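Heads up: the structure comes next, in structure tokens.
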Amino acid sequence: MPGATQDRRPASAQAFVRQGPAPAQPPPASESFAGGLRGNLFGDWRTSLATLAVLTLVGLALPSLLRFLIFDAVWSAPDGELCRAPGAGACWAFIAQKLPYFIYGSYPESQRWRVDVTMFVGAVLIVWLLWLDAPARRLAAFLFFVAYPLQGFILLHGAPALGLPRVETHLWGGVFVSLLVASVGMVFSLPLGILLALGRRSRLPALKLACTGFIEFVRGVPMITVLFMANTMLPLFVPEDLAPDRLARPLIGVALFASAYMAEVVRGGLQAIPRGQFEGAAALGLRPWPTLRLVVLPQALRHVIPGVVNSFISLFKDTTLVAIVGIFDFLKTIEAARQDPAWAGPTISATGYIFAALFYFAFCFGMSLYARFVERRLGSAAA
Amino acid sequence: MAPAAASSPPPAVGLAFWRDPQALRIAVLQAVFLLGLGWLAVEAFIHVRANMQARGIPTGFGFLNDTAGFDINQSLISYSATSTYGRAFLVGLLNTCLVSAISLALATIVGFTVGIARLSKNWAAAQLATVYVEILRNVPLLLQLLFWYNAVLKALPGPRQSYALPFGVFLNNRGLFAPELALGPGAPWLGAALVASAAAAIAAWWLSRRRRPAMNASLRIGAAALILGPPVAAFLIAGAPLSLVPPELKGFNFIGGVRLLPEFVALVLGLSLYTAAFIAEVVRAGMQAVPRGQSEAAAALGLSRLAAIRHVVAPQAMRVIIPLLTSQYLNLIKNSSLAVFVGYPDLVQVFAGTVLNQTGAAVQVIFITMAVYLTVSLLASLAMNLFNRRFASIER
């Protein structure tokens, strides 16, 4: 330090003031790709140390992970005998044998085509909705939010008048129920959330207070307590003969829970609409509702697509919690299958959980990639 | 609301509201809304009372004084099967606080580390951090909890083949056994010394705030001596009154030391690693919100990279980070209710689970449980509002 020896001034004057120009630094080395990477990884001793630590970690973990997942794994076996052998890896045979149970739960085998049809229609509608340049997206929205729930209910639950035997909800389970809970949450939380967000910005103080209170209340409590409430308190709130079905109760709970979070996402979009849009609509003589429907909501909803997809991701992850009220969602079927004595073994739990993790990861990561894509596109459209 | 006012005629001044059509409309709409809400509430109340009486469910809060009659396997306060339901509620509440506090601390440390690693120039570290965040964020927390509990902790060997970790810590399928802090005869002196050093630390912090130009080296050494001196001196003079008692293997289990239940360990691991992924994203967002010109200007002034982060980037990033961090902390506290899935006796498992099932007092129990979480959330948002009012206005 050049100033260290001559510092006899009061403490307040010890600020550093540069007297001459700083010595020029050498020009940066020419940046080839390999050279840049080498600088990144082994630039100075601190970076090199970090790189070595990372490489050691990966080098220790990756081989044993690969051995467990692929090389030592048991790919086909009639029962758990082979998987119990010492040194055996993941027991994929277990997954293969239980796969129908993981997908359909205890839904009667002869009726499973109904689940397949419903899931296929849902997939087509969702792709139609998510594809931003698809034709007639309004029709898709109508079908998804109005027609599809009706079709799904009739097909899955059954209608003896149409020749479809009734399948009671306690037989429903597996991936199909997870997707059902998630799509019911999506279908109901978006419109409800929009209504709540509008209510929160309303000029009626009573409405505003009620909506704000609901949103803050739901966001302030854990989802499990909402599910408990839906499961044990909902039947108390209505006359005894109107008590909702045991699968319907958590569905109501999930939809209400998700709508409060959706409302906050939508509110963010509403707040981003510049005031000039309202004023312009008013200057054109539009009344408040047409202003909302024709000017504000189309812009606001377009802007919140990434946020909406992100709350769908949390909703999808949260569907696992319905197991607490006795619903056999995908994770719960894994829990049940891993206790099957025919397959009991040291690797069964890990295999089941890794399989479930792959499933959830594929869905959630896919959705988040989509959200990022939309965000980029909206960003470039605005610029 | 400004936009709404722009579309409506200006309010007539001095007119009673029933003569102003706009105000009259609002009043009527609100009355209709309130009447509808009130009708729903009355209807629900009537049914709740009728249903509860029909099923013989207690309608008051008197059940809290009844004997619980069940055991809880971890309790910070004295509790037995003869204690009341009210006591069981307290045990659950304290267990929730314990698991949340420890997970919060761990999640913060891991989250900041991963978040900074993601921004690091080191390609390998950044990639590893990205993989961590993407995997942990996109797999449900419940699945992670079950994985840690059933596939990792329950699959550990028994006490006789425990893994011996550093510092006398043992890990087996009965939990984590750690040495216990034992107090000797001179312990009160050490306590007094700790209080004195805390006072010195506060005084030093206050002084350093008042003397704006940074403290110089000799002052710093003096302050450090004042803060660290008393406890060290007391420790030596009182004859080392603190000692660590390691757990010992006796028969089929460990005796002595602190035992952490496998449920507790699984919950802490799951909660903190999951939340850390979100905190890492918060940290990254906060650091990236600081304009690049700030760190470039710091570099132009000759500050090292570390000094630039410490004095220029971090203080500005914190303004973005703290509100987002608070909401992640709240999420962690709410997520601690997943304890019920691994059987850790937290508020939800003990109170909304066992107590609810035994008494059937669903309405009261769920009301109390929700009120606890709601209070925490509302207090946190109050604190955040105060924070924003204080710090957001410092901008130019």
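Each chain of the structure tokens is named A, B, ... in the order shown, its residues numbered from 1; ligands are numbered from 1 in display order.
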Give me, as a ChimeraX atom specification, all polymer residues having an atom no more than 12 Å from Pro341 in chain A, counting only C-alpha atoms and skipping those fewer than 6 positions away in the same chain. /A:79-81,84,94,348
Export, as a CSV table (one decimal), in the first residue's frame, the selected residues with all heavy atoms.
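Final output, selection_24.csv:
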```csv
chain,number,residue,atom,x,y,z
A,79,ASP,N,-40.0,-62.2,-10.0
A,79,ASP,CA,-40.3,-61.7,-8.7
A,79,ASP,C,-39.0,-61.1,-8.1
A,79,ASP,O,-38.0,-60.9,-8.8
A,79,ASP,CB,-40.9,-62.7,-7.8
A,79,ASP,CG,-39.9,-63.9,-7.7
A,79,ASP,OD1,-38.7,-63.7,-7.8
A,79,ASP,OD2,-40.4,-65.0,-7.4
A,80,GLY,N,-39.0,-60.8,-6.8
A,80,GLY,CA,-38.0,-60.0,-6.2
A,80,GLY,C,-36.7,-60.8,-5.9
A,80,GLY,O,-35.7,-60.3,-5.4
A,81,GLU,N,-36.6,-62.1,-6.3
A,81,GLU,CA,-35.5,-62.9,-6.0
A,81,GLU,C,-34.2,-62.4,-6.5
A,81,GLU,O,-33.2,-62.2,-5.7
A,81,GLU,CB,-35.7,-64.3,-6.6
A,81,GLU,CG,-34.8,-65.4,-6.0
A,81,GLU,CD,-35.0,-65.5,-4.5
A,81,GLU,OE1,-36.1,-65.6,-4.1
A,81,GLU,OE2,-34.0,-65.5,-3.8
A,84,ARG,N,-32.9,-59.2,-4.8
A,84,ARG,CA,-32.4,-59.3,-3.5
A,84,ARG,C,-31.0,-59.7,-3.4
A,84,ARG,O,-30.3,-59.7,-2.4
A,84,ARG,CB,-33.3,-60.3,-2.7
A,84,ARG,CG,-34.6,-59.6,-2.2
A,84,ARG,CD,-35.3,-60.5,-1.2
A,84,ARG,NE,-35.9,-61.7,-1.8
A,84,ARG,CZ,-37.2,-61.7,-2.2
A,84,ARG,NH1,-37.9,-60.6,-2.1
A,84,ARG,NH2,-37.7,-62.7,-2.7
A,94,PHE,N,-39.3,-54.7,-11.2
A,94,PHE,CA,-40.4,-54.3,-10.3
A,94,PHE,C,-41.3,-53.2,-10.9
A,94,PHE,O,-42.5,-53.4,-10.9
A,94,PHE,CB,-39.8,-53.9,-9.0
A,94,PHE,CG,-40.6,-53.0,-8.1
A,94,PHE,CD1,-41.7,-53.6,-7.4
A,94,PHE,CD2,-40.4,-51.7,-7.9
A,94,PHE,CE1,-42.5,-52.8,-6.5
A,94,PHE,CE2,-41.1,-50.9,-7.1
A,94,PHE,CZ,-42.2,-51.5,-6.4
A,348,ILE,N,-35.7,-51.8,-3.5
A,348,ILE,CA,-37.0,-51.5,-4.0
A,348,ILE,C,-37.5,-50.1,-3.8
A,348,ILE,O,-38.0,-49.4,-4.7
A,348,ILE,CB,-38.1,-52.5,-3.4
A,348,ILE,CG1,-37.8,-53.9,-3.9
A,348,ILE,CG2,-39.5,-52.1,-3.8
A,348,ILE,CD1,-37.9,-54.1,-5.4
```
Please determine the contact residues of chain B with respect to chain A at a cut-off of 6 Å, counting only C-alpha atoms, and supply them as a PyMOL selection string. chain B and resi 3+7+44+47-48+51+122+138-140+151+213+334+370+373-374+377
List the spatial neighbours of range 346-355 of chain B as a ChimeraX atom specification - criterion: any atom at most 9 Å away, only C-alpha atoms, same-chain residues fewer than 4 positions off excluded. /A:224-225,228 /B:68,70,72,85,88-97,99,336-341,359-362,365-366,369
Store the residues of this selection in a file with N, CA and C atoms, as a compact mmCIF listing (two decimals), in the first residue's frame.
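What follows is the written file selection20.txt:
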```
# COMPACT_ATOMS: atom_id res chain seq x y z
N ILE A 224 -51.61 -28.83 3.40
CA ILE A 224 -52.14 -29.98 4.14
C ILE A 224 -53.33 -29.57 5.00
N THR A 225 -53.27 -28.40 5.63
CA THR A 225 -54.38 -28.00 6.48
C THR A 225 -55.61 -27.71 5.63
N PHE A 228 -57.01 -31.10 4.95
CA PHE A 228 -57.70 -31.58 6.14
C PHE A 228 -59.06 -30.91 6.28
N ALA B 68 -54.71 -36.43 27.24
CA ALA B 68 -54.45 -36.83 25.86
C ALA B 68 -54.39 -38.35 25.73
N PHE B 70 -51.92 -40.26 24.80
CA PHE B 70 -51.00 -40.86 23.82
C PHE B 70 -49.60 -40.29 24.05
N ILE B 72 -45.71 -39.02 22.76
CA ILE B 72 -45.06 -38.34 21.65
C ILE B 72 -43.58 -38.63 21.78
N TYR B 85 -54.53 -32.31 26.12
CA TYR B 85 -54.44 -32.02 24.69
C TYR B 85 -53.77 -30.67 24.45
N ALA B 88 -50.17 -31.21 24.49
CA ALA B 88 -49.76 -31.86 23.25
C ALA B 88 -49.65 -30.84 22.13
N PHE B 89 -50.56 -29.88 22.11
CA PHE B 89 -50.49 -28.81 21.11
C PHE B 89 -49.18 -28.05 21.23
N LEU B 90 -48.80 -27.72 22.49
CA LEU B 90 -47.54 -26.98 22.71
C LEU B 90 -46.34 -27.79 22.25
N VAL B 91 -46.36 -29.10 22.56
CA VAL B 91 -45.24 -29.96 22.14
C VAL B 91 -45.10 -29.92 20.62
N GLY B 92 -46.24 -30.08 19.93
CA GLY B 92 -46.21 -30.06 18.47
C GLY B 92 -45.72 -28.74 17.94
N LEU B 93 -46.20 -27.66 18.54
CA LEU B 93 -45.80 -26.32 18.09
C LEU B 93 -44.29 -26.13 18.24
N LEU B 94 -43.74 -26.54 19.42
CA LEU B 94 -42.30 -26.38 19.64
C LEU B 94 -41.50 -27.25 18.68
N ASN B 95 -42.00 -28.47 18.40
CA ASN B 95 -41.28 -29.33 17.44
C ASN B 95 -41.27 -28.71 16.05
N THR B 96 -42.39 -28.08 15.65
CA THR B 96 -42.42 -27.39 14.37
C THR B 96 -41.39 -26.27 14.36
N CYS B 97 -41.33 -25.50 15.46
CA CYS B 97 -40.37 -24.40 15.54
C CYS B 97 -38.95 -24.93 15.41
N VAL B 99 -37.73 -27.78 14.06
CA VAL B 99 -37.35 -28.30 12.75
C VAL B 99 -37.27 -27.16 11.74
N SER B 336 -43.02 -27.52 6.46
CA SER B 336 -42.65 -28.40 7.57
C SER B 336 -43.84 -29.25 8.00
N SER B 337 -45.05 -28.86 7.56
CA SER B 337 -46.22 -29.66 7.90
C SER B 337 -46.21 -31.02 7.21
N LEU B 338 -45.32 -31.21 6.20
CA LEU B 338 -45.22 -32.51 5.56
C LEU B 338 -44.64 -33.55 6.51
N ALA B 339 -44.21 -33.09 7.71
CA ALA B 339 -43.73 -34.00 8.75
C ALA B 339 -44.70 -35.14 8.97
N VAL B 340 -45.98 -34.88 8.77
CA VAL B 340 -46.99 -35.90 9.03
C VAL B 340 -46.76 -37.14 8.17
N PHE B 341 -46.13 -36.99 7.00
CA PHE B 341 -45.93 -38.14 6.12
C PHE B 341 -44.81 -39.06 6.60
N THR B 359 -60.48 -36.67 19.35
CA THR B 359 -61.58 -35.87 19.88
C THR B 359 -62.68 -35.67 18.85
N GLY B 360 -62.34 -35.71 17.57
CA GLY B 360 -63.32 -35.42 16.53
C GLY B 360 -63.65 -33.94 16.41
N ALA B 361 -62.98 -33.09 17.20
CA ALA B 361 -63.28 -31.66 17.18
C ALA B 361 -62.62 -31.02 15.97
N ALA B 362 -63.07 -31.40 14.76
CA ALA B 362 -62.38 -30.99 13.54
C ALA B 362 -62.35 -29.47 13.39
N VAL B 365 -59.93 -27.75 15.98
CA VAL B 365 -58.52 -28.13 15.80
C VAL B 365 -57.96 -27.50 14.53
N ILE B 366 -58.71 -27.58 13.43
CA ILE B 366 -58.19 -27.02 12.19
C ILE B 366 -58.12 -25.51 12.28
N THR B 369 -54.93 -24.74 14.24
CA THR B 369 -53.74 -25.03 13.45
C THR B 369 -53.52 -23.96 12.38
```
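From CA of Thr108 in chain B back to CA of Ala276 in chain B, the distance works out to 6.4 Å.
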Å distance separating CA of Phe167 in chain B from CA of Gln74 in chain B, one decimal place: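 A separation of 23.8 Å between them.
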